[in-house]
Amino acid sequence: MYKVLVVEDDPMVAMINEQYILKNKSFSVCGKCKDGLSALEFLEVNSVDLIIMDVYMPKLDGFETLRQIRKKQISTDVIMVTAANDRESLEEALHLGIVDYLVKPFTFERFQIALQKYIAQHKALDELDILNQKSIDFIMDSSRKKSEDLHPKGIQEKTLSVILDHLKENQSKWLTGDEIAEKTGLTAVTVRRYMNYLVESGKAQGEINYETGGRPCMLYRVER
């Protein structure tokens, strides 16, 4: 079982993170810290496999905490959970060797994907004694995982590609779910499920159209 440390200054978010972690039987929560300084103190006397860490925290933010972890050569992996959605923050996190980067608010399914990515990478490393280019490629592919494996249950890559292709072909305008269904040959229920996923994952935009003369409907378009 993998031991996880939650580093989050918001008690409610920390509680949600803990609940999400415990839904996966491969993980246990070994501690919770409210800031980076207390996290570093915890790591001095405790072994941790994975850290779920916020960026914006008092005393020591997530990036500086991660720099200190790397500097001290503490053997642990990190998943960033943050409201920071700018490119500079993502680039900084990638340079520091994170496993994944989750932007608040995130779904339970997306959180579980991050945990599964960690498991895939960790197992790939554990199962290989001798590294050559073939085995390294296997590890890299396992850590990224195939795109269809990273989608929540019920979301298929082929269907997702059909919808995304149609959205990209009509990138300049908003589309209703019924319009997408008609052009793609999918049912309205299927389109609604996939569009909810795309909006939640930040791959598409959605807004409510109140100017229908009747019941409001959702409008969608792909992120530019």
# chains A, B, ... in the order shown; residues from 1 in each chain; ligands from 1

$ select_by_dssp --residues "chain A" --states "strand (DSSP E or B)" --output "PyMOL selection string"
chain A and resi 2-7+27-33+50-53+77-82+100-103+175-176+204-209+217-222

$ closest_residue --among "A:Asn85, A:Ser38, A:Thr76, A:Gln68" --to "A:Tyr2" --atoms "only C-alpha atoms"
A:Thr76

$ closest_residue --among "A:Val6, A:Met218, A:Leu115, A:Ala83" --to "A:Cys33" --atoms "only C-alpha atoms"
A:Val6

$ residues_around --residues "stretch 172-174 of chain A" --least-positions-apart "5" --cutoff "9 Å" --atoms "only C-alpha atoms" --output "PyMOL selection string"
chain A and resi 167+206+219-222+224

$ write_last_selection --atoms "N, CA and C atoms" --output "PDB file, in the first residue's frame"
ATOM      1  N   LEU A 167     -16.314  19.378 -33.088  1.00  0.00           N
ATOM      2  CA  LEU A 167     -16.185  20.671 -32.416  1.00  0.00           C
ATOM      3  C   LEU A 167     -15.082  21.518 -33.051  1.00  0.00           C
ATOM      4  N   GLY A 206     -18.491  25.459 -21.985  1.00  0.00           N
ATOM      5  CA  GLY A 206     -19.939  25.289 -21.976  1.00  0.00           C
ATOM      6  C   GLY A 206     -20.599  26.474 -21.294  1.00  0.00           C
ATOM      7  N   LEU A 219     -24.807  25.348 -24.493  1.00  0.00           N
ATOM      8  CA  LEU A 219     -24.057  25.576 -25.722  1.00  0.00           C
ATOM      9  C   LEU A 219     -22.598  25.170 -25.468  1.00  0.00           C
ATOM     10  N   TYR A 220     -21.975  24.611 -26.504  1.00  0.00           N
ATOM     11  CA  TYR A 220     -20.607  24.117 -26.345  1.00  0.00           C
ATOM     12  C   TYR A 220     -19.727  24.586 -27.499  1.00  0.00           C
ATOM     13  N   ARG A 221     -18.445  24.706 -27.185  1.00  0.00           N
ATOM     14  CA  ARG A 221     -17.432  24.879 -28.223  1.00  0.00           C
ATOM     15  C   ARG A 221     -16.101  24.419 -27.665  1.00  0.00           C
ATOM     16  N   VAL A 222     -15.208  24.055 -28.552  1.00  0.00           N
ATOM     17  CA  VAL A 222     -13.908  23.561 -28.133  1.00  0.00           C
ATOM     18  C   VAL A 222     -13.034  24.728 -27.704  1.00  0.00           C
ATOM     19  N   ARG A 224     -10.095  27.220 -27.643  1.00  0.00           N
ATOM     20  CA  ARG A 224      -9.238  27.695 -28.726  1.00  0.00           C
ATOM     21  C   ARG A 224      -7.782  27.646 -28.314  1.00  0.00           C
TER      22      ARG A 224
END

$ closest_residue --among "A:Leu66, A:Leu60, A:Val103, A:Ala39" --to "A:Gly202" --atoms "only C-alpha atoms"
A:Val103

$ residues_around --residues "A:Leu175" --least-positions-apart "4" --cutoff "12 Å" --atoms "only C-alpha atoms" --output "PDB file with C-alpha atoms, in the first residue's frame"
ATOM      1  CA  ILE A 163     -17.102  14.675 -30.919  1.00  0.00           C
ATOM      2  CA  HIS A 166     -16.753  17.925 -34.984  1.00  0.00           C
ATOM      3  CA  LEU A 167     -16.185  20.671 -32.416  1.00  0.00           C
ATOM      4  CA  LYS A 168     -12.857  21.603 -34.002  1.00  0.00           C
ATOM      5  CA  GLU A 169     -14.459  21.781 -37.432  1.00  0.00           C
ATOM      6  CA  ASN A 170     -16.925  24.313 -35.998  1.00  0.00           C
ATOM      7  CA  GLN A 171     -14.510  26.059 -33.673  1.00  0.00           C
ATOM      8  CA  GLU A 179     -26.722  19.776 -33.117  1.00  0.00           C
ATOM      9  CA  ILE A 180     -23.651  17.739 -32.169  1.00  0.00           C
ATOM     10  CA  ALA A 181     -25.763  14.585 -31.895  1.00  0.00           C
ATOM     11  CA  GLU A 182     -27.364  15.137 -35.300  1.00  0.00           C
ATOM     12  CA  LYS A 183     -24.058  15.704 -37.100  1.00  0.00           C
ATOM     13  CA  VAL A 191     -23.300  13.673 -26.348  1.00  0.00           C
ATOM     14  CA  ARG A 192     -24.391  15.215 -23.048  1.00  0.00           C
ATOM     15  CA  MET A 195     -19.633  17.129 -23.240  1.00  0.00           C
ATOM     16  CA  ALA A 204     -14.239  22.417 -24.057  1.00  0.00           C
ATOM     17  CA  GLN A 205     -16.304  25.402 -22.961  1.00  0.00           C
ATOM     18  CA  GLY A 206     -19.939  25.289 -21.976  1.00  0.00           C
ATOM     19  CA  GLU A 207     -22.458  28.006 -21.198  1.00  0.00           C
ATOM     20  CA  ILE A 208     -26.213  28.197 -20.696  1.00  0.00           C
ATOM     21  CA  ASN A 209     -28.272  29.846 -23.436  1.00  0.00           C
ATOM     22  CA  CYS A 217     -30.113  24.851 -23.180  1.00  0.00           C
ATOM     23  CA  MET A 218     -26.373  24.270 -23.028  1.00  0.00           C
ATOM     24  CA  LEU A 219     -24.057  25.576 -25.722  1.00  0.00           C
ATOM     25  CA  TYR A 220     -20.607  24.117 -26.345  1.00  0.00           C
ATOM     26  CA  ARG A 221     -17.432  24.879 -28.223  1.00  0.00           C
ATOM     27  CA  VAL A 222     -13.908  23.561 -28.133  1.00  0.00           C
TER      28      VAL A 222
END

$ select_by_dssp --residues "stretch 1-223 of chain A" --states "helix (DSSP H, G or I)" --output "count of residues only"
110

$ residues_around --residues "stretch 42-44 of chain A" --least-positions-apart "2" --cutoff "10 Å" --atoms "only C-alpha atoms" --output "list in words"
Leu5, Gly31, Lys32, Cys33, Gly36, Leu37, Ser38, Ala39, Leu40, Asn46, Ser47, Val48, Ile69, Lys72, Ile74, Ser75 and Thr76 of chain A

$ write_last_selection --atoms "N, CA and C atoms" --output "CSV table (one decimal), in the first residue's frame"
chain,number,residue,atom,x,y,z
A,5,LEU,N,0.9,11.7,1.8
A,5,LEU,CA,0.9,12.9,2.6
A,5,LEU,C,0.1,13.9,1.9
A,31,GLY,N,-0.5,11.2,6.7
A,31,GLY,CA,-0.5,12.4,7.4
A,31,GLY,C,-1.1,13.6,6.6
A,32,LYS,N,-1.4,14.7,7.3
A,32,LYS,CA,-1.9,15.9,6.7
A,32,LYS,C,-1.2,17.1,7.3
A,33,CYS,N,-0.7,18.0,6.4
A,33,CYS,CA,0.0,19.2,6.8
A,33,CYS,C,-0.6,20.4,6.2
A,36,GLY,N,3.9,24.1,3.8
A,36,GLY,CA,5.1,23.5,3.3
A,36,GLY,C,6.2,23.2,4.4
A,37,LEU,N,6.3,24.1,5.4
A,37,LEU,CA,7.2,24.0,6.5
A,37,LEU,C,6.9,22.7,7.3
A,38,SER,N,5.7,22.6,7.7
A,38,SER,CA,5.3,21.4,8.5
A,38,SER,C,5.4,20.1,7.7
A,39,ALA,N,5.2,20.3,6.3
A,39,ALA,CA,5.4,19.1,5.5
A,39,ALA,C,6.9,18.6,5.5
A,40,LEU,N,7.8,19.6,5.4
A,40,LEU,CA,9.2,19.2,5.4
A,40,LEU,C,9.6,18.6,6.7
A,46,ASN,N,9.4,10.8,8.6
A,46,ASN,CA,8.5,9.8,8.0
A,46,ASN,C,8.8,9.5,6.5
A,47,SER,N,8.6,8.3,6.2
A,47,SER,CA,8.8,7.9,4.8
A,47,SER,C,7.4,8.0,4.1
A,48,VAL,N,7.4,8.7,2.9
A,48,VAL,CA,6.2,8.9,2.2
A,48,VAL,C,6.4,8.5,0.7
A,69,ILE,N,12.3,19.6,-1.2
A,69,ILE,CA,12.3,18.2,-1.2
A,69,ILE,C,13.3,17.6,-2.2
A,72,LYS,N,16.9,18.3,-0.8
A,72,LYS,CA,17.2,17.4,0.3
A,72,LYS,C,17.3,15.9,-0.2
A,74,ILE,N,14.9,13.9,-0.9
A,74,ILE,CA,13.8,13.1,-0.3
A,74,ILE,C,13.1,12.3,-1.3
A,75,SER,N,13.1,11.0,-1.2
A,75,SER,CA,12.6,10.1,-2.2
A,75,SER,C,11.0,10.0,-2.1
A,76,THR,N,10.3,10.8,-2.9
A,76,THR,CA,8.9,10.8,-2.9
A,76,THR,C,8.4,11.5,-4.2

$ atom_distance --atom1 "atom CA of A:Asp77" --atom2 "atom CA of A:Gln116"
13.1 Å

$ closest_residue --among "A:Val99, A:Cys30, A:Leu22, A:Met57" --to "A:Ala120" --atoms "only C-alpha atoms"
A:Val99

$ closest_residue --among "A:Gln112, A:Leu94, A:Thr187, A:Tyr210" --to "A:Gln19" --atoms "only C-alpha atoms"
A:Gln112

$ atom_distance --atom1 "atom CA of A:Arg193" --atom2 "atom CA of A:Phe108"
15.5 Å

$ closest_residue --among "A:Val13, A:Leu102, A:Val162, A:Val45" --to "A:Val81" --atoms "only C-alpha atoms"
A:Leu102

$ atom_distance --atom1 "atom CA of A:Leu160" --atom2 "atom CA of A:Ile113"
17.0 Å

$ closest_atom_pairs --of "stretch 62-137 of chain A" --to "stretch 198-201 of chain A" --cutoff "8 Å" --atoms "only C-alpha atoms" --output "CSV"
residue,atom,partner,partner_atom,distance
A:Phe106,CA,A:Glu200,CA,7.4
A:Thr107,CA,A:Glu200,CA,7.3
A:Arg110,CA,A:Ser201,CA,7.8
